$ cat my_file14.cif   # mmCIF, C-alpha atoms
data_protein
#
loop_
_atom_site.group_PDB
_atom_site.id
_atom_site.type_symbol
_atom_site.label_atom_id
_atom_site.label_comp_id
_atom_site.auth_asym_id
_atom_site.auth_seq_id
_atom_site.Cartn_x
_atom_site.Cartn_y
_atom_site.Cartn_z
ATOM 1 C CA MET A 23 -13.355 98.078 204.873
ATOM 2 C CA THR A 24 -12.260 94.587 205.896
ATOM 3 C CA ARG A 25 -11.520 92.118 203.123
ATOM 4 C CA ILE A 26 -13.066 89.341 205.216
ATOM 5 C CA LYS A 27 -16.326 88.139 203.696
ATOM 6 C CA LYS A 28 -16.522 84.498 204.765
ATOM 7 C CA ILE A 29 -15.008 82.902 207.869
ATOM 8 C CA GLY A 30 -14.476 79.321 208.956
ATOM 9 C CA VAL A 31 -14.732 78.106 212.538
ATOM 10 C CA LEU A 32 -13.390 74.857 213.966
ATOM 11 C CA THR A 33 -12.745 73.126 217.273
ATOM 12 C CA SER A 34 -9.498 71.233 217.710
ATOM 13 C CA GLY A 35 -7.737 69.154 220.354
ATOM 14 C CA GLY A 36 -9.539 68.040 223.499
ATOM 15 C CA ASP A 37 -13.160 69.068 223.865
ATOM 16 C CA ALA A 38 -14.165 71.466 226.637
ATOM 17 C CA PRO A 39 -17.537 72.635 227.993
ATOM 18 C CA GLY A 40 -18.323 76.016 226.466
ATOM 19 C CA MET A 41 -16.986 75.303 222.983
ATOM 20 C CA ASN A 42 -20.524 75.303 221.631
ATOM 21 C CA ALA A 43 -21.155 78.674 223.242
ATOM 22 C CA ALA A 44 -18.071 79.982 221.424
ATOM 23 C CA ILE A 45 -19.255 78.522 218.097
ATOM 24 C CA ARG A 46 -22.600 80.208 218.637
ATOM 25 C CA ALA A 47 -20.978 83.575 219.416
ATOM 26 C CA VAL A 48 -18.678 83.395 216.389
ATOM 27 C CA THR A 49 -21.551 82.467 214.079
ATOM 28 C CA ARG A 50 -23.989 85.094 215.254
ATOM 29 C CA THR A 51 -21.406 87.871 215.469
ATOM 30 C CA ALA A 52 -20.286 87.130 211.925
ATOM 31 C CA ILE A 53 -23.839 87.042 210.576
ATOM 32 C CA TYR A 54 -24.641 90.302 212.382
ATOM 33 C CA ASN A 55 -21.735 91.845 210.454
ATOM 34 C CA ASN A 56 -22.942 90.412 207.129
ATOM 35 C CA LEU A 57 -20.286 87.721 206.953
ATOM 36 C CA GLU A 58 -20.848 84.143 205.859
ATOM 37 C CA VAL A 59 -19.875 81.367 208.270
ATOM 38 C CA ILE A 60 -18.590 77.898 207.463
ATOM 39 C CA GLY A 61 -18.331 75.253 210.171
ATOM 40 C CA ILE A 62 -15.287 73.015 209.677
ATOM 41 C CA ARG A 63 -15.986 69.605 211.161
ATOM 42 C CA GLU A 64 -13.373 67.523 213.004
ATOM 43 C CA GLY A 65 -10.788 70.288 213.266
ATOM 44 C CA TYR A 66 -7.844 70.394 210.877
ATOM 45 C CA ARG A 67 -8.800 66.980 209.490
ATOM 46 C CA GLY A 68 -11.998 68.548 208.207
ATOM 47 C CA MET A 69 -9.972 71.304 206.559
ATOM 48 C CA ILE A 70 -8.007 68.696 204.608
ATOM 49 C CA ASN A 71 -11.042 66.515 203.800
ATOM 50 C CA LYS A 72 -13.338 69.449 202.893
ATOM 51 C CA MET A 73 -15.794 68.757 205.715
ATOM 52 C CA PHE A 74 -17.404 72.194 205.383
ATOM 53 C CA THR A 75 -20.921 73.072 206.539
ATOM 54 C CA PRO A 76 -22.570 76.523 206.235
ATOM 55 C CA LEU A 77 -23.765 77.820 209.592
ATOM 56 C CA TRP A 78 -26.814 80.025 210.013
ATOM 57 C CA THR A 79 -28.446 81.538 213.067
ATOM 58 C CA HIS A 80 -30.834 78.600 213.546
ATOM 59 C CA ASP A 81 -27.948 76.110 213.340
ATOM 60 C CA VAL A 82 -26.501 77.441 216.593
ATOM 61 C CA SER A 83 -29.799 77.782 218.448
ATOM 62 C CA ASN A 84 -30.152 75.686 221.590
ATOM 63 C CA ILE A 85 -26.461 74.765 221.818
ATOM 64 C CA ILE A 86 -25.141 77.251 224.387
ATOM 65 C CA GLN A 87 -26.021 74.856 227.235
ATOM 66 C CA ARG A 88 -24.527 71.746 225.602
ATOM 67 C CA GLY A 89 -21.137 70.264 226.439
ATOM 68 C CA GLY A 90 -18.768 68.881 223.816
ATOM 69 C CA THR A 91 -18.742 70.477 220.364
ATOM 70 C CA ILE A 92 -21.288 70.247 217.545
ATOM 71 C CA LEU A 93 -18.409 70.543 215.055
ATOM 72 C CA LYS A 94 -16.592 67.553 216.577
ATOM 73 C CA THR A 95 -12.844 67.493 217.118
ATOM 74 C CA ALA A 96 -10.014 65.217 216.044
ATOM 75 C CA ARG A 97 -6.241 64.966 215.926
ATOM 76 C CA CYS A 98 -4.667 65.374 212.493
ATOM 77 C CA ASP A 99 -1.069 64.362 211.855
ATOM 78 C CA GLU A 100 -1.408 65.200 208.161
ATOM 79 C CA PHE A 101 -1.866 68.899 208.965
ATOM 80 C CA LYS A 102 1.588 68.832 210.603
ATOM 81 C CA THR A 103 3.134 68.246 207.175
ATOM 82 C CA PRO A 104 3.677 70.931 204.478
ATOM 83 C CA GLU A 105 1.750 68.774 202.003
ATOM 84 C CA GLY A 106 -1.243 68.531 204.330
ATOM 85 C CA ARG A 107 -1.313 72.273 204.960
ATOM 86 C CA GLU A 108 -1.157 72.942 201.211
ATOM 87 C CA ILE A 109 -4.230 70.752 200.688
ATOM 88 C CA ALA A 110 -5.991 72.599 203.509
ATOM 89 C CA TYR A 111 -5.127 75.986 201.985
ATOM 90 C CA ASN A 112 -6.405 75.009 198.554
ATOM 91 C CA ASN A 113 -9.642 73.726 200.069
ATOM 92 C CA LEU A 114 -10.153 76.933 202.051
ATOM 93 C CA ARG A 115 -9.533 79.026 198.941
ATOM 94 C CA GLU A 116 -11.905 76.888 196.885
ATOM 95 C CA ALA A 117 -14.608 77.391 199.537
ATOM 96 C CA GLY A 118 -13.982 81.154 199.556
ATOM 97 C CA ILE A 119 -12.977 81.246 203.230
ATOM 98 C CA ASP A 120 -11.046 84.444 204.039
ATOM 99 C CA GLY A 121 -10.253 83.830 207.719
ATOM 100 C CA VAL A 122 -10.496 81.095 210.341
ATOM 101 C CA VAL A 123 -11.368 81.033 214.042
ATOM 102 C CA VAL A 124 -9.686 78.140 215.869
ATOM 103 C CA ILE A 125 -11.105 77.069 219.244
ATOM 104 C CA GLY A 126 -8.601 74.881 221.076
ATOM 105 C CA GLY A 127 -5.371 74.672 223.042
ATOM 106 C CA ASP A 128 -1.671 75.250 222.446
ATOM 107 C CA GLY A 129 -1.340 72.379 219.966
ATOM 108 C CA SER A 130 -4.152 73.864 217.885
ATOM 109 C CA PHE A 131 -2.536 77.294 218.037
ATOM 110 C CA THR A 132 0.835 75.869 216.982
ATOM 111 C CA GLY A 133 -0.753 74.522 213.801
ATOM 112 C CA ALA A 134 -2.555 77.810 213.186
ATOM 113 C CA ARG A 135 0.653 79.838 213.661
ATOM 114 C CA ILE A 136 2.611 77.729 211.177
ATOM 115 C CA PHE A 137 -0.211 77.866 208.618
ATOM 116 C CA ASP A 138 -0.533 81.628 209.069
ATOM 117 C CA GLU A 139 3.179 82.073 208.351
ATOM 118 C CA GLU A 140 2.934 80.046 205.134
ATOM 119 C CA TYR A 141 -0.313 81.324 203.634
ATOM 120 C CA ASP A 142 -2.378 84.488 203.328
ATOM 121 C CA ILE A 143 -5.458 83.327 205.260
ATOM 122 C CA PRO A 144 -5.500 84.835 208.778
ATOM 123 C CA PHE A 145 -6.189 82.683 211.833
ATOM 124 C CA VAL A 146 -7.459 83.894 215.226
ATOM 125 C CA GLY A 147 -7.575 81.586 218.251
ATOM 126 C CA ILE A 148 -9.980 81.156 221.156
ATOM 127 C CA PRO A 149 -8.490 79.318 224.174
ATOM 128 C CA GLY A 150 -10.577 76.221 224.861
ATOM 129 C CA THR A 151 -9.135 73.646 227.271
ATOM 130 C CA ILE A 152 -10.130 72.484 230.731
ATOM 131 C CA ASP A 153 -6.476 72.598 231.863
ATOM 132 C CA ASN A 154 -6.341 76.432 231.891
ATOM 133 C CA ASP A 155 -2.661 76.215 230.966
ATOM 134 C CA ILE A 156 -2.461 78.675 228.056
ATOM 135 C CA TYR A 157 -0.287 81.733 228.526
ATOM 136 C CA GLY A 158 -1.911 85.133 228.010
ATOM 137 C CA THR A 159 -5.374 84.471 229.410
ATOM 138 C CA ASP A 160 -6.576 84.195 232.992
ATOM 139 C CA TYR A 161 -9.193 81.604 232.084
ATOM 140 C CA THR A 162 -9.734 79.182 229.234
ATOM 141 C CA ILE A 163 -13.118 77.919 228.084
ATOM 142 C CA GLY A 164 -14.083 74.789 230.023
ATOM 143 C CA TYR A 165 -11.856 75.289 233.052
ATOM 144 C CA ASP A 166 -14.553 76.630 235.368
ATOM 145 C CA THR A 167 -16.975 73.838 234.474
ATOM 146 C CA ALA A 168 -14.341 71.129 234.943
ATOM 147 C CA LEU A 169 -13.375 72.653 238.282
ATOM 148 C CA ASN A 170 -16.958 72.580 239.513
ATOM 149 C CA THR A 171 -17.356 68.993 238.294
ATOM 150 C CA VAL A 172 -14.322 67.960 240.353
ATOM 151 C CA VAL A 173 -15.579 69.790 243.437
ATOM 152 C CA GLU A 174 -18.983 68.123 243.224
ATOM 153 C CA ALA A 175 -17.401 64.684 242.804
ATOM 154 C CA VAL A 176 -14.926 65.143 245.668
ATOM 155 C CA ASP A 177 -17.661 66.390 248.003
ATOM 156 C CA LYS A 178 -19.470 63.106 247.402
ATOM 157 C CA ILE A 179 -16.285 61.095 247.858
ATOM 158 C CA ARG A 180 -15.671 62.789 251.207
ATOM 159 C CA ASP A 181 -19.079 61.637 252.436
ATOM 160 C CA THR A 182 -18.140 57.986 251.965
ATOM 161 C CA ALA A 183 -14.582 58.629 253.182
ATOM 162 C CA SER A 184 -16.008 59.972 256.449
ATOM 163 C CA ALA A 185 -18.386 57.048 256.811
ATOM 164 C CA HIS A 186 -15.544 54.513 256.602
ATOM 165 C CA ASN A 187 -12.569 56.500 257.974
ATOM 166 C CA ARG A 188 -10.821 56.204 254.655
ATOM 167 C CA MET A 189 -8.123 58.110 252.803
ATOM 168 C CA PHE A 190 -8.921 58.787 249.155
ATOM 169 C CA PHE A 191 -6.382 59.625 246.480
ATOM 170 C CA VAL A 192 -8.388 61.445 243.793
ATOM 171 C CA GLU A 193 -6.757 61.969 240.404
ATOM 172 C CA VAL A 194 -7.811 64.960 238.321
ATOM 173 C CA MET A 195 -6.738 66.018 234.837
ATOM 174 C CA GLY A 196 -3.584 68.035 234.325
ATOM 175 C CA ALA A 197 -0.837 66.183 232.493
ATOM 176 C CA GLU A 198 1.582 69.098 232.715
ATOM 177 C CA ALA A 199 -0.285 71.647 234.826
ATOM 178 C CA GLY A 200 -1.877 71.619 238.244
ATOM 179 C CA PHE A 201 -4.490 74.351 237.856
ATOM 180 C CA ILE A 202 -7.489 72.048 238.325
ATOM 181 C CA ALA A 203 -5.845 70.161 241.188
ATOM 182 C CA LEU A 204 -4.790 73.286 243.087
ATOM 183 C CA ARG A 205 -8.091 75.138 243.000
ATOM 184 C CA SER A 206 -10.250 72.059 243.487
ATOM 185 C CA GLY A 207 -8.030 71.015 246.389
ATOM 186 C CA ILE A 208 -8.569 74.341 248.137
ATOM 187 C CA ALA A 209 -12.291 74.323 247.328
ATOM 188 C CA THR A 210 -12.803 70.829 248.772
ATOM 189 C CA GLY A 211 -10.565 71.243 251.810
ATOM 190 C CA ALA A 212 -8.143 68.546 250.643
ATOM 191 C CA GLU A 213 -5.526 67.445 253.147
ATOM 192 C CA ALA A 214 -2.860 67.404 250.424
ATOM 193 C CA ILE A 215 -2.540 68.618 246.837
ATOM 194 C CA ILE A 216 0.066 67.018 244.580
ATOM 195 C CA ILE A 217 0.832 68.828 241.320
ATOM 196 C CA PRO A 218 3.666 68.804 238.727
ATOM 197 C CA GLU A 219 4.744 72.351 239.655
ATOM 198 C CA VAL A 220 5.717 71.349 243.223
ATOM 199 C CA LYS A 221 8.246 68.537 243.496
ATOM 200 C CA ASP A 222 8.240 67.558 247.177
ATOM 201 C CA GLU A 223 4.563 67.349 248.149
ATOM 202 C CA GLY A 224 4.593 63.539 248.016
ATOM 203 C CA MET A 225 7.456 63.438 250.494
ATOM 204 C CA LYS A 226 5.681 65.910 252.794
ATOM 205 C CA LEU A 227 2.532 63.789 252.750
ATOM 206 C CA GLU A 228 4.579 60.672 253.526
ATOM 207 C CA ALA A 229 6.151 62.405 256.537
ATOM 208 C CA LEU A 230 2.738 63.463 257.829
ATOM 209 C CA MET A 231 1.362 59.948 257.434
ATOM 210 C CA GLU A 232 4.325 58.542 259.319
ATOM 211 C CA SER A 233 3.685 60.991 262.155
ATOM 212 C CA GLY A 234 0.034 59.938 262.346
ATOM 213 C CA ARG A 235 -1.230 63.501 261.916
ATOM 214 C CA ARG A 236 -3.354 62.496 258.919
ATOM 215 C CA GLN A 237 -5.483 59.898 260.730
ATOM 216 C CA LYS A 238 -8.739 61.829 260.610
ATOM 217 C CA ALA A 239 -12.314 60.775 259.976
ATOM 218 C CA SER A 240 -11.660 61.409 256.283
ATOM 219 C CA ASN A 241 -8.651 62.359 254.206
ATOM 220 C CA ILE A 242 -8.698 63.610 250.634
ATOM 221 C CA VAL A 243 -5.532 63.872 248.565
ATOM 222 C CA ILE A 244 -5.933 65.590 245.179
ATOM 223 C CA VAL A 245 -3.384 64.405 242.611
ATOM 224 C CA ALA A 246 -2.807 65.915 239.159
ATOM 225 C CA GLU A 247 -2.414 63.129 236.600
ATOM 226 C CA GLY A 248 0.963 64.463 235.493
ATOM 227 C CA ASP A 249 2.685 64.586 238.874
ATOM 228 C CA GLU A 250 6.187 63.138 239.189
ATOM 229 C CA ASP A 251 5.024 60.169 241.283
ATOM 230 C CA GLY A 252 2.950 58.731 238.435
ATOM 231 C CA GLY A 253 -0.574 59.796 239.328
ATOM 232 C CA ALA A 254 -3.005 58.728 242.027
ATOM 233 C CA TYR A 255 -2.891 55.006 241.273
ATOM 234 C CA LYS A 256 0.872 54.573 241.704
ATOM 235 C CA LEU A 257 0.949 56.935 244.651
ATOM 236 C CA GLY A 258 -1.966 55.221 246.384
ATOM 237 C CA GLN A 259 -0.571 51.748 245.793
ATOM 238 C CA ARG A 260 2.770 52.778 247.230
ATOM 239 C CA TYR A 261 1.213 54.203 250.365
ATOM 240 C CA LYS A 262 -1.033 51.165 250.777
ATOM 241 C CA SER A 263 2.032 48.999 251.230
ATOM 242 C CA GLN A 264 3.917 51.542 253.320
ATOM 243 C CA PHE A 265 1.044 52.409 255.658
ATOM 244 C CA PRO A 266 -1.212 49.367 256.152
ATOM 245 C CA ASN A 267 -2.955 51.121 259.071
ATOM 246 C CA TYR A 268 -4.574 53.526 256.576
ATOM 247 C CA ASP A 269 -7.640 52.387 254.635
ATOM 248 C CA ILE A 270 -6.657 53.832 251.253
ATOM 249 C CA ARG A 271 -8.875 54.081 248.183
ATOM 250 C CA ILE A 272 -8.095 55.481 244.734
ATOM 251 C CA THR A 273 -10.473 57.317 242.402
ATOM 252 C CA VAL A 274 -9.588 58.553 238.911
ATOM 253 C CA LEU A 275 -12.159 61.080 237.693
ATOM 254 C CA GLY A 276 -10.890 60.930 234.106
ATOM 255 C CA HIS A 277 -13.055 62.191 231.267
ATOM 256 C CA LEU A 278 -15.935 62.888 233.612
ATOM 257 C CA GLN A 279 -14.269 66.296 233.947
ATOM 258 C CA ARG A 280 -14.631 67.094 230.238
ATOM 259 C CA GLY A 281 -18.367 66.591 229.975
ATOM 260 C CA GLY A 282 -21.498 68.268 231.213
ATOM 261 C CA SER A 283 -23.329 71.515 230.659
ATOM 262 C CA PRO A 284 -20.988 74.527 230.817
ATOM 263 C CA SER A 285 -21.189 76.819 233.823
ATOM 264 C CA ALA A 286 -22.562 80.354 233.515
ATOM 265 C CA PHE A 287 -19.003 81.677 233.758
ATOM 266 C CA ASP A 288 -17.835 79.514 230.841
ATOM 267 C CA ARG A 289 -20.857 80.449 228.746
ATOM 268 C CA VAL A 290 -20.271 84.165 229.230
ATOM 269 C CA SER A 291 -16.507 83.866 228.710
ATOM 270 C CA ALA A 292 -17.015 81.839 225.531
ATOM 271 C CA SER A 293 -19.526 84.390 224.252
ATOM 272 C CA ARG A 294 -17.131 87.268 224.907
ATOM 273 C CA LEU A 295 -14.215 85.474 223.254
ATOM 274 C CA GLY A 296 -16.254 84.384 220.230
ATOM 275 C CA PHE A 297 -17.442 87.944 219.682
ATOM 276 C CA ALA A 298 -13.878 89.268 220.079
ATOM 277 C CA ALA A 299 -12.430 86.720 217.645
ATOM 278 C CA VAL A 300 -14.698 87.874 214.814
ATOM 279 C CA GLU A 301 -13.967 91.509 215.636
ATOM 280 C CA ALA A 302 -10.239 90.723 215.475
ATOM 281 C CA LEU A 303 -10.555 89.177 212.011
ATOM 282 C CA MET A 304 -12.574 92.162 210.810
ATOM 283 C CA ASP A 305 -9.806 94.433 212.141
ATOM 284 C CA ASP A 306 -7.284 92.508 210.016
ATOM 285 C CA GLN A 307 -5.631 90.818 212.986
ATOM 286 C CA ARG A 308 -3.902 87.514 212.349
ATOM 287 C CA SER A 309 -1.916 84.858 214.221
ATOM 288 C CA VAL A 310 -3.316 86.030 217.555
ATOM 289 C CA MET A 311 -5.331 84.519 220.383
ATOM 290 C CA VAL A 312 -8.131 86.435 222.076
ATOM 291 C CA GLY A 313 -7.836 86.096 225.834
ATOM 292 C CA ILE A 314 -9.162 87.542 229.071
ATOM 293 C CA GLN A 315 -6.823 89.364 231.445
ATOM 294 C CA ASN A 316 -8.198 91.164 234.493
ATOM 295 C CA ASN A 317 -11.683 90.786 232.973
ATOM 296 C CA THR A 318 -10.599 92.620 229.821
ATOM 297 C CA ILE A 319 -10.307 91.174 226.317
ATOM 298 C CA VAL A 320 -6.715 91.117 225.035
ATOM 299 C CA LEU A 321 -4.939 89.946 221.892
ATOM 300 C CA VAL A 322 -1.937 87.671 222.424
ATOM 301 C CA PRO A 323 0.352 86.575 219.554
ATOM 302 C CA PHE A 324 0.276 82.821 218.953
ATOM 303 C CA ARG A 325 4.045 82.650 219.407
ATOM 304 C CA LYS A 326 3.679 83.909 222.990
ATOM 305 C CA ALA A 327 0.589 81.848 223.806
ATOM 306 C CA VAL A 328 2.373 78.694 222.664
ATOM 307 C CA LYS A 329 5.952 79.250 223.820
ATOM 308 C CA LEU A 330 5.608 81.014 227.157
ATOM 309 C CA HIS A 331 4.813 79.066 230.318
ATOM 310 C CA LYS A 332 1.811 79.864 232.480
ATOM 311 C CA ASP A 333 2.554 79.159 236.132
ATOM 312 C CA VAL A 334 0.086 78.362 238.897
ATOM 313 C CA ASN A 335 -0.697 81.102 241.399
ATOM 314 C CA ARG A 336 1.985 80.827 244.056
ATOM 315 C CA ASP A 337 -0.224 82.643 246.591
ATOM 316 C CA LEU A 338 -2.740 79.825 246.217
ATOM 317 C CA LEU A 339 0.006 77.315 246.963
ATOM 318 C CA ASP A 340 0.780 79.152 250.199
ATOM 319 C CA ILE A 341 -2.917 79.261 251.113
ATOM 320 C CA ALA A 342 -3.322 75.537 250.393
ATOM 321 C CA GLY A 343 -0.357 74.723 252.617
ATOM 322 C CA VAL A 344 -1.677 76.734 255.544
ATOM 323 C CA LEU A 345 -5.281 75.568 255.325
ATOM 324 C CA SER A 346 -4.389 71.895 255.034
ATOM 325 C CA SER A 347 -2.045 71.924 258.037
#

$ encode --input "my_file14.cif" --output "structure tokens"
Amino acid sequence: MTRIKKIGVLTSGGDAPGMNAAIRAVTRTAIYNNLEVIGIREGYRGMINKMFTPLWTHDVSNIIQRGGTILKTARCDEFKTPEGREIAYNNLREAGIDGVVVIGGDGSFTGARIFDEEYDIPFVGIPGTIDNDIYGTDYTIGYDTALNTVVEAVDKIRDTASAHNRMFFVEVMGAEAGFIALRSGIATGAEAIIIPEVKDEGMKLEALMESGRRQKASNIVIVAEGDEDGGAYKLGQRYKSQFPNYDIRITVLGHLQRGGSPSAFDRVSASRLGFAAVEALMDDQRSVMVGIQNNTIVLVPFRKAVKLHKDVNRDLLDIAGVLSS
């Protein structure tokens, strides 16, 4: 029989739609298996400050459709220190917590991996980030919702772009990864997609603008915030001065992409991953992330999820290039 009797669950890093669905799945799966559940508020900070709240079935009712996270999330520099992690361990032991489910991104998993190496409390991760940039899983919680939010916003922007014959540079999230930009660009029929993974797209767009081939009724350029040119604002300002014949506008979608009710896909994915995370703890797994590959639940060691790079789909890049030509 598993030695796990009481588990903690926390959300860490940036919030993502579907985190509440994951909290709900973890809580109800644990209770179904006669385990106690403790919600740890504000991520690792709550672990250090003993911000523990028992969770029961009714506590997670009516949250599956809500964005954000009922447990809140926060950054915690203190947890990065050995002294901070020792305080966290002692607090977990005092509360009788035998295992922890961490819902977050690679930074959250890095902290969990280090803690798991130092102490005897197992951690299991659930990938929750709108960027979809975690190795070992096809989709992360929140990505599908953020993608649909971007598509809806860009569709509306195109309406006004068409009405005024304007070119819009639309910045989407993705400091180091272009997953949102690439898929939303294809889905909205963008004339150009500029992402960190491709280094010469800005130059290609400039050449097309010089040739006059981009003077259409409307032009949409999707820019990942982490691209080498400095994001949509710098790129748009540069082209405004270079090409005064274009009526250029700049829109930064920002944190709009993080909010809103999670899509059906994110709700189901979060439910599957939450269920799998509890099962993993009961099977004495530790220092692993539960992910989805080819629609199947997999276990990925934290060291791989954190260290290995997840690349964008190169076939999608080819498709985007052809369809925008």

$ closest_residue --input "my_file14.cif" --among "A:Gly158, A:Gly248, A:Gly343, A:Gly40" --to "Glu213 of chain A" --atoms "all atoms listed in the file"
A:Gly343

$ closest_residue --input "my_file14.cif" --among "A:Tyr141, A:Gly252, A:Leu303, A:Asp128" --to "Glu108 of chain A" --atoms "all atoms listed in the file"
A:Tyr141

$ resolve_selection --input "my_file14.cif" --expression "the PyMOL selection byres ((chain A and resi 320-336) around 9)" --output "number ranges by chain"
A: 127-129, 131-132, 134-135, 146-147, 154-159, 199-201, 204, 219, 298, 302, 307-315, 318-319, 337-341

$ residues_near_point --input "my_file14.cif" --point "(-17.4, 80.1, 224.0)" --cutoff "7 Å" --atoms "only C-alpha atoms" --output "ChimeraX atom specification"
/A:40-45,47,163,288-289,291-293,295-296

$ closest_atom_pairs --input "my_file14.cif" --of "segment 234-286 of chain A" --to "segment 83-99 of chain A" --cutoff "9 Å" --atoms "only C-alpha atoms" --output "CSV"
residue,atom,partner,partner_atom,distance
A:Arg280,CA,A:Gly90,CA,7.8
A:Gly281,CA,A:Gly89,CA,5.8
A:Gly282,CA,A:Gly89,CA,5.2
A:Ser283,CA,A:Gly89,CA,4.9
A:Pro284,CA,A:Gly89,CA,6.1
A:Ser285,CA,A:Gln87,CA,8.4

$ write_last_selection --input "my_file14.cif" --atoms "C-alpha atoms" --output "PDB file, keeping the file's coordinate frame"
ATOM      1  CA  ARG A 280     -14.631  67.094 230.238  1.00  0.00           C
ATOM      2  CA  GLY A 281     -18.367  66.591 229.975  1.00  0.00           C
ATOM      3  CA  GLY A 282     -21.498  68.268 231.213  1.00  0.00           C
ATOM      4  CA  SER A 283     -23.329  71.515 230.659  1.00  0.00           C
ATOM      5  CA  PRO A 284     -20.988  74.527 230.817  1.00  0.00           C
ATOM      6  CA  SER A 285     -21.189  76.819 233.823  1.00  0.00           C
TER       7      SER A 285
END

$ atom_distance --input "my_file14.cif" --atom1 "atom CA of Glu105 of chain A" --atom2 "atom CA of Glu140 of chain A"
11.8 Å

$ decode --input "my_file14.cif" --residues "segment 185-204 of chain A" --atoms "N, CA and C atoms" --output "mmCIF file, in the first residue's frame"
data_model
loop_
_atom_site.group_PDB
_atom_site.id
_atom_site.type_symbol
_atom_site.label_atom_id
_atom_site.label_comp_id
_atom_site.auth_asym_id
_atom_site.auth_seq_id
_atom_site.Cartn_x
_atom_site.Cartn_y
_atom_site.Cartn_z
ATOM 1 N N ALA A 185 -11.226 47.964 -42.752
ATOM 2 C CA ALA A 185 -12.010 49.186 -42.929
ATOM 3 C C ALA A 185 -11.132 50.393 -43.238
ATOM 4 N N HIS A 186 -9.888 50.374 -42.749
ATOM 5 C CA HIS A 186 -9.010 51.541 -42.908
ATOM 6 C C HIS A 186 -7.765 51.259 -43.739
ATOM 7 N N ASN A 187 -7.691 50.069 -44.358
ATOM 8 C CA ASN A 187 -6.501 49.694 -45.138
ATOM 9 C C ASN A 187 -5.223 49.827 -44.313
ATOM 10 N N ARG A 188 -5.250 49.241 -43.148
ATOM 11 C CA ARG A 188 -4.131 49.371 -42.232
ATOM 12 C C ARG A 188 -3.335 48.068 -42.094
ATOM 13 N N MET A 189 -2.101 48.221 -41.660
ATOM 14 C CA MET A 189 -1.269 47.084 -41.275
ATOM 15 C C MET A 189 -1.134 47.085 -39.757
ATOM 16 N N PHE A 190 -1.476 45.973 -39.140
ATOM 17 C CA PHE A 190 -1.397 45.847 -37.689
ATOM 18 C C PHE A 190 -0.283 44.886 -37.300
ATOM 19 N N PHE A 191 0.575 45.357 -36.391
ATOM 20 C CA PHE A 191 1.543 44.483 -35.740
ATOM 21 C C PHE A 191 0.930 44.088 -34.400
ATOM 22 N N VAL A 192 0.637 42.813 -34.224
ATOM 23 C CA VAL A 192 -0.034 42.324 -33.018
ATOM 24 C C VAL A 192 0.946 41.483 -32.214
ATOM 25 N N GLU A 193 1.241 41.924 -31.001
ATOM 26 C CA GLU A 193 2.177 41.187 -30.147
ATOM 27 C C GLU A 193 1.437 40.216 -29.247
ATOM 28 N N VAL A 194 1.897 38.967 -29.245
ATOM 29 C CA VAL A 194 1.334 37.936 -28.380
ATOM 30 C C VAL A 194 2.411 37.456 -27.421
ATOM 31 N N MET A 195 2.013 36.747 -26.377
ATOM 32 C CA MET A 195 2.980 36.278 -25.387
ATOM 33 C C MET A 195 3.854 35.173 -25.964
ATOM 34 N N GLY A 196 5.041 35.060 -25.393
ATOM 35 C CA GLY A 196 6.023 34.085 -25.835
ATOM 36 C C GLY A 196 7.406 34.686 -25.757
ATOM 37 N N ALA A 197 7.906 34.839 -24.518
ATOM 38 C CA ALA A 197 9.194 35.502 -24.329
ATOM 39 C C ALA A 197 10.336 34.725 -24.970
ATOM 40 N N GLU A 198 10.255 33.402 -24.913
ATOM 41 C CA GLU A 198 11.315 32.573 -25.478
ATOM 42 C C GLU A 198 10.791 31.532 -26.457
ATOM 43 N N ALA A 199 9.489 31.510 -26.680
ATOM 44 C CA ALA A 199 8.902 30.480 -27.538
ATOM 45 C C ALA A 199 7.772 31.060 -28.375
ATOM 46 N N GLY A 200 7.679 30.581 -29.604
ATOM 47 C CA GLY A 200 6.690 31.132 -30.521
ATOM 48 C C GLY A 200 5.484 30.262 -30.773
ATOM 49 N N PHE A 201 5.124 29.397 -29.816
ATOM 50 C CA PHE A 201 4.015 28.476 -30.041
ATOM 51 C C PHE A 201 2.686 29.201 -30.251
ATOM 52 N N ILE A 202 2.402 30.183 -29.395
ATOM 53 C CA ILE A 202 1.151 30.938 -29.539
ATOM 54 C C ILE A 202 1.159 31.718 -30.847
ATOM 55 N N ALA A 203 2.257 32.386 -31.141
ATOM 56 C CA ALA A 203 2.343 33.206 -32.349
ATOM 57 C C ALA A 203 2.176 32.365 -33.612
ATOM 58 N N LEU A 204 2.830 31.222 -33.666
ATOM 59 C CA LEU A 204 2.792 30.399 -34.878
ATOM 60 C C LEU A 204 1.394 29.877 -35.153
#
